[in-house]
Amino acid sequence: MIPAPSLNDAPDAPPRRRWRDAAIYAACVAGTIIVLWGFFLVQAIVFIGRFEPVFLLLPAFVGTILGSLMARVLILQRRLRQTNETLQERHERDERFRLAMQASEFAVWDWKLGEDTIFCSHGGDDVLGGTSAAEYIPGDWWQHWIHPDDQARFYRTMNAHIRGETERYECEYRVRHEDGGYRWVCDRAVASRDDSGRVHRIAGVIIEISDRKATEQALLAAKEEAETANRTKSAFLANMSHELRTPLNAIIGFSEIMQSETFGPIGNPKYAEYAGDIRSSGQHLLEVINDILDLSRVESGILELSKETVDLAMVAGQALRMVEEAAQRRNIRLDVSLDAVPSHVVGDPRAIRQILLNLLSNSIKFTPEGGSVRLGAKLDETGRVCISVTDTGIGMRPEDIPVALAPFRQIDSSLARAYEGTGLGLPLAKALTEMHGGELSVTSEPGRGTEIVIALPQAERAAA
């Protein structure tokens, strides 16, 4: 309940009010005296026939009394009107606050230190689980209603704010509901301090966050489940890769022996052709398995790269020799220009060779016969070595580039679907580049080819 203000609680500032009251008194007294003087003067002339100065004393005395009473009545009426307006404003403000509290899902509380009770707004029973059906709750309510596992954190956080260690108090904890279960709430408050810094009052709000906590717990469980599934997938791929590599190596090795007729002729030439097909298919399958295993290791963080000075020309030459046969079969010209940049970068030589091999293989695969693939390099404005692989292939739309960089995906078009592959070349190259602290970017246009650039740090700059 808001106490009714007294007549001395006028909202105006005291000096201004005193001057206004004095003016009202002066006007009322002077006006009354003047009216009485006029009345007595007329009466004296009409009934007595003369005017005496003594006739001025009585009107002045009576006028002062009557004028003072009249002024007091006017001042009281004015202050009563102001008080009613103030009460109406406070009532509207309280009504607005009450309606807002009823529409919201939080409660306002106010605790004066040293008192045994804490004010809690109506509606707090919904937030606190039936603990604040009255406006005041016991000061030790937290010992009975806050979850035992959360009481230490609540007490520690509140005391830290009281000691001035935090700008505001904020704590999330569980509150026992009247049905015996617990609800999550977020409690926020700010302390009011005197000139010495001592806290004498704390006020804040309590908001129920059970739905948010449930969502967070569901997301956390989903994250843990996904991480477990990812670890299981990585372990499965590693085991399967090992199980598949052993027979594949045997198949490739025996097919090579049969194709080369190491132990004598095999008779029908068709058998030699079939042995060659078995060898090429086995090598392709082995490459796919290696890509899957490498990408799985990168995603799970198992793959570790060495950090050493790498001869870029040597590694690029090795990658080019590995794709040279495929380029010749399709009559694709390979151009190389690496003389304009420093010859050394920092990284893992096997991984950098794998990056270049994947990019060159992709460009050759998606370039029609008679096209060209160019391997070049330059320095960017930050001094990084930017190695580019540019082809005259089928290209792709800008919106297809993120799809091409995603694992196990291919661009859904009639041209792209005509080419074999798992779609791991670009994603693996991107992942390995980023593990080197580099960056991979793709520029492409349908029918005009694709340019892929990887930026790697120089060996000298990395050492510095």
# chains A, B, ... in the order shown; residues from 1 in each chain; ligands from 1

$ residues_around --residues "stretch 315-330 of chain A" --least-positions-apart "3" --cutoff "12 Å" --atoms "only C-alpha atoms" --output "count of residues only"
49

$ select_by_dssp --residues "stretch 267-447 of chain A" --states "strand (DSSP E or B)" --output "ChimeraX atom specification"
/A:308-311,333-337,344-347,372-379,385-391,439-445

$ write_last_selection --atoms "C-alpha atoms" --output "PDB file, in the first residue's frame"
ATOM      1  CA  GLU A 308      59.221 -28.173 -41.940  1.00  0.00           C
ATOM      2  CA  THR A 309      60.634 -26.326 -44.907  1.00  0.00           C
ATOM      3  CA  VAL A 310      59.161 -27.745 -48.102  1.00  0.00           C
ATOM      4  CA  ASP A 311      60.699 -27.383 -51.574  1.00  0.00           C
ATOM      5  CA  ARG A 333      48.156 -29.755 -71.788  1.00  0.00           C
ATOM      6  CA  LEU A 334      49.897 -29.156 -68.433  1.00  0.00           C
ATOM      7  CA  ASP A 335      51.546 -25.745 -67.967  1.00  0.00           C
ATOM      8  CA  VAL A 336      53.775 -24.962 -65.005  1.00  0.00           C
ATOM      9  CA  SER A 337      55.018 -21.555 -63.844  1.00  0.00           C
ATOM     10  CA  HIS A 344      60.191 -22.877 -50.133  1.00  0.00           C
ATOM     11  CA  VAL A 345      57.059 -22.890 -47.989  1.00  0.00           C
ATOM     12  CA  VAL A 346      56.466 -24.202 -44.496  1.00  0.00           C
ATOM     13  CA  GLY A 347      54.309 -27.262 -43.889  1.00  0.00           C
ATOM     14  CA  SER A 372      44.643 -27.204 -70.549  1.00  0.00           C
ATOM     15  CA  VAL A 373      45.507 -27.100 -66.843  1.00  0.00           C
ATOM     16  CA  ARG A 374      47.970 -24.563 -65.494  1.00  0.00           C
ATOM     17  CA  LEU A 375      49.884 -24.682 -62.213  1.00  0.00           C
ATOM     18  CA  GLY A 376      51.179 -21.254 -61.180  1.00  0.00           C
ATOM     19  CA  ALA A 377      52.159 -19.249 -58.115  1.00  0.00           C
ATOM     20  CA  LYS A 378      52.513 -15.660 -56.930  1.00  0.00           C
ATOM     21  CA  LEU A 379      52.912 -13.650 -53.731  1.00  0.00           C
ATOM     22  CA  VAL A 385      52.730 -17.947 -51.451  1.00  0.00           C
ATOM     23  CA  CYS A 386      49.540 -18.336 -53.479  1.00  0.00           C
ATOM     24  CA  ILE A 387      49.560 -21.517 -55.580  1.00  0.00           C
ATOM     25  CA  SER A 388      46.884 -21.603 -58.272  1.00  0.00           C
ATOM     26  CA  VAL A 389      45.478 -24.431 -60.389  1.00  0.00           C
ATOM     27  CA  THR A 390      43.566 -23.080 -63.391  1.00  0.00           C
ATOM     28  CA  ASP A 391      41.707 -25.184 -65.961  1.00  0.00           C
ATOM     29  CA  GLU A 439      43.327 -20.448 -47.109  1.00  0.00           C
ATOM     30  CA  LEU A 440      41.652 -22.017 -50.152  1.00  0.00           C
ATOM     31  CA  SER A 441      39.492 -19.980 -52.517  1.00  0.00           C
ATOM     32  CA  VAL A 442      37.583 -20.960 -55.666  1.00  0.00           C
ATOM     33  CA  THR A 443      36.645 -18.812 -58.666  1.00  0.00           C
ATOM     34  CA  SER A 444      34.604 -20.392 -61.428  1.00  0.00           C
ATOM     35  CA  GLU A 445      32.158 -19.752 -64.243  1.00  0.00           C
TER      36      GLU A 445
END

$ residues_around --residues "A:Leu248" --least-positions-apart "2" --cutoff "9 Å" --atoms "only C-alpha atoms" --output "list in words"
Leu244, Arg245, Thr246, Ala250, Ile251, Ile252, Gly253, Gly282, Gln283, Leu285 and Leu286 of chain A

$ closest_atom_pairs --of "stretch 202-278 of chain A" --to "stretch 137-159 of chain A" --cutoff "12 Å" --atoms "only C-alpha atoms" --output "Markdown table"
| residue | atom | partner | partner_atom | distance |
| --- | --- | --- | --- | --- |
| A:Ile202 | CA | A:Met158 | CA | 10.0 |
| A:Ala203 | CA | A:Met158 | CA | 11.9 |
| A:Gly204 | CA | A:Met158 | CA | 11.9 |

$ select_by_dssp --residues "stretch 184-420 of chain A" --states "alpha helix (DSSP H)" --output "MDAnalysis selection string"
chainID A and resid 210:260 269:300 312:329 349:365 401:404

$ residues_around --residues "A:Gly276" --least-positions-apart "5" --cutoff "10 Å" --atoms "only C-alpha atoms" --output "list of chain:residue names"
A:Ile252, A:Ser255, A:Glu256, A:Ile257, A:Met258, A:Gln259, A:Ser260, A:Lys270, A:Tyr271, A:Ser281, A:Gly282

$ write_last_selection --atoms "N, CA and C atoms" --output "PDB file, in the first residue's frame"
ATOM      1  N   ILE A 252      46.100 -55.602 -56.332  1.00  0.00           N
ATOM      2  CA  ILE A 252      46.876 -54.740 -57.236  1.00  0.00           C
ATOM      3  C   ILE A 252      48.214 -55.385 -57.577  1.00  0.00           C
ATOM      4  N   SER A 255      47.696 -58.444 -59.873  1.00  0.00           N
ATOM      5  CA  SER A 255      47.289 -58.024 -61.216  1.00  0.00           C
ATOM      6  C   SER A 255      48.459 -57.428 -61.986  1.00  0.00           C
ATOM      7  N   GLU A 256      49.350 -56.714 -61.287  1.00  0.00           N
ATOM      8  CA  GLU A 256      50.540 -56.185 -61.950  1.00  0.00           C
ATOM      9  C   GLU A 256      51.435 -57.326 -62.432  1.00  0.00           C
ATOM     10  N   ILE A 257      51.590 -58.352 -61.584  1.00  0.00           N
ATOM     11  CA  ILE A 257      52.410 -59.509 -61.977  1.00  0.00           C
ATOM     12  C   ILE A 257      51.801 -60.205 -63.179  1.00  0.00           C
ATOM     13  N   MET A 258      50.478 -60.374 -63.159  1.00  0.00           N
ATOM     14  CA  MET A 258      49.811 -61.039 -64.274  1.00  0.00           C
ATOM     15  C   MET A 258      49.913 -60.201 -65.546  1.00  0.00           C
ATOM     16  N   GLN A 259      49.747 -58.873 -65.403  1.00  0.00           N
ATOM     17  CA  GLN A 259      49.790 -58.014 -66.580  1.00  0.00           C
ATOM     18  C   GLN A 259      51.187 -58.003 -67.205  1.00  0.00           C
ATOM     19  N   SER A 260      52.218 -58.008 -66.346  1.00  0.00           N
ATOM     20  CA  SER A 260      53.598 -57.986 -66.857  1.00  0.00           C
ATOM     21  C   SER A 260      54.104 -59.375 -67.232  1.00  0.00           C
ATOM     22  N   LYS A 270      43.369 -61.267 -73.866  1.00  0.00           N
ATOM     23  CA  LYS A 270      42.264 -60.700 -73.103  1.00  0.00           C
ATOM     24  C   LYS A 270      42.528 -60.778 -71.603  1.00  0.00           C
ATOM     25  N   TYR A 271      43.199 -61.846 -71.171  1.00  0.00           N
ATOM     26  CA  TYR A 271      43.504 -61.975 -69.744  1.00  0.00           C
ATOM     27  C   TYR A 271      44.426 -60.853 -69.279  1.00  0.00           C
ATOM     28  N   SER A 281      41.286 -50.565 -61.479  1.00  0.00           N
ATOM     29  CA  SER A 281      40.130 -50.458 -60.576  1.00  0.00           C
ATOM     30  C   SER A 281      40.562 -50.550 -59.124  1.00  0.00           C
ATOM     31  N   GLY A 282      41.494 -51.460 -58.840  1.00  0.00           N
ATOM     32  CA  GLY A 282      41.990 -51.580 -57.463  1.00  0.00           C
ATOM     33  C   GLY A 282      42.703 -50.325 -57.004  1.00  0.00           C
TER      34      GLY A 282
END

$ residues_around --residues "A:Gly437" --least-positions-apart "2" --cutoff "8 Å" --atoms "only C-alpha atoms" --output "list in words"
Thr433, Glu434, Met435, Glu439, Leu456 and Pro457 of chain A

$ atom_distance --atom1 "atom CA of A:Arg93" --atom2 "atom CA of A:Val199"
27.4 Å

$ atom_distance --atom1 "atom CA of A:Val35" --atom2 "atom CA of A:Arg18"
25.7 Å

$ residues_around --residues "A:Phe119" --least-positions-apart "3" --cutoff "12 Å" --atoms "only C-alpha atoms" --output "NGL selection string"
:A and (107-113 or 115-116 or 122 or 124 or 132-139 or 141 or 201-205)

$ atom_distance --atom1 "atom CA of A:Glu208" --atom2 "atom CA of A:Trp184"
6.0 Å

$ residues_around --residues "stretch 195-198 of chain A" --least-positions-apart "5" --cutoff "10 Å" --atoms "only C-alpha atoms" --output "PyMOL selection string"
chain A and resi 162-164

$ write_last_selection --atoms "C-alpha atoms" --output "JSON list (two decimals), in the first residue's frame"
[["chain", "number", "residue", "atom", "x", "y", "z"],
["A", 162, "ILE", "CA", 27.42, -7.58, -1.68],
["A", 163, "ARG", "CA", 31.20, -7.30, -1.20],
["A", 164, "GLY", "CA", 31.38, -5.21, -4.37]]
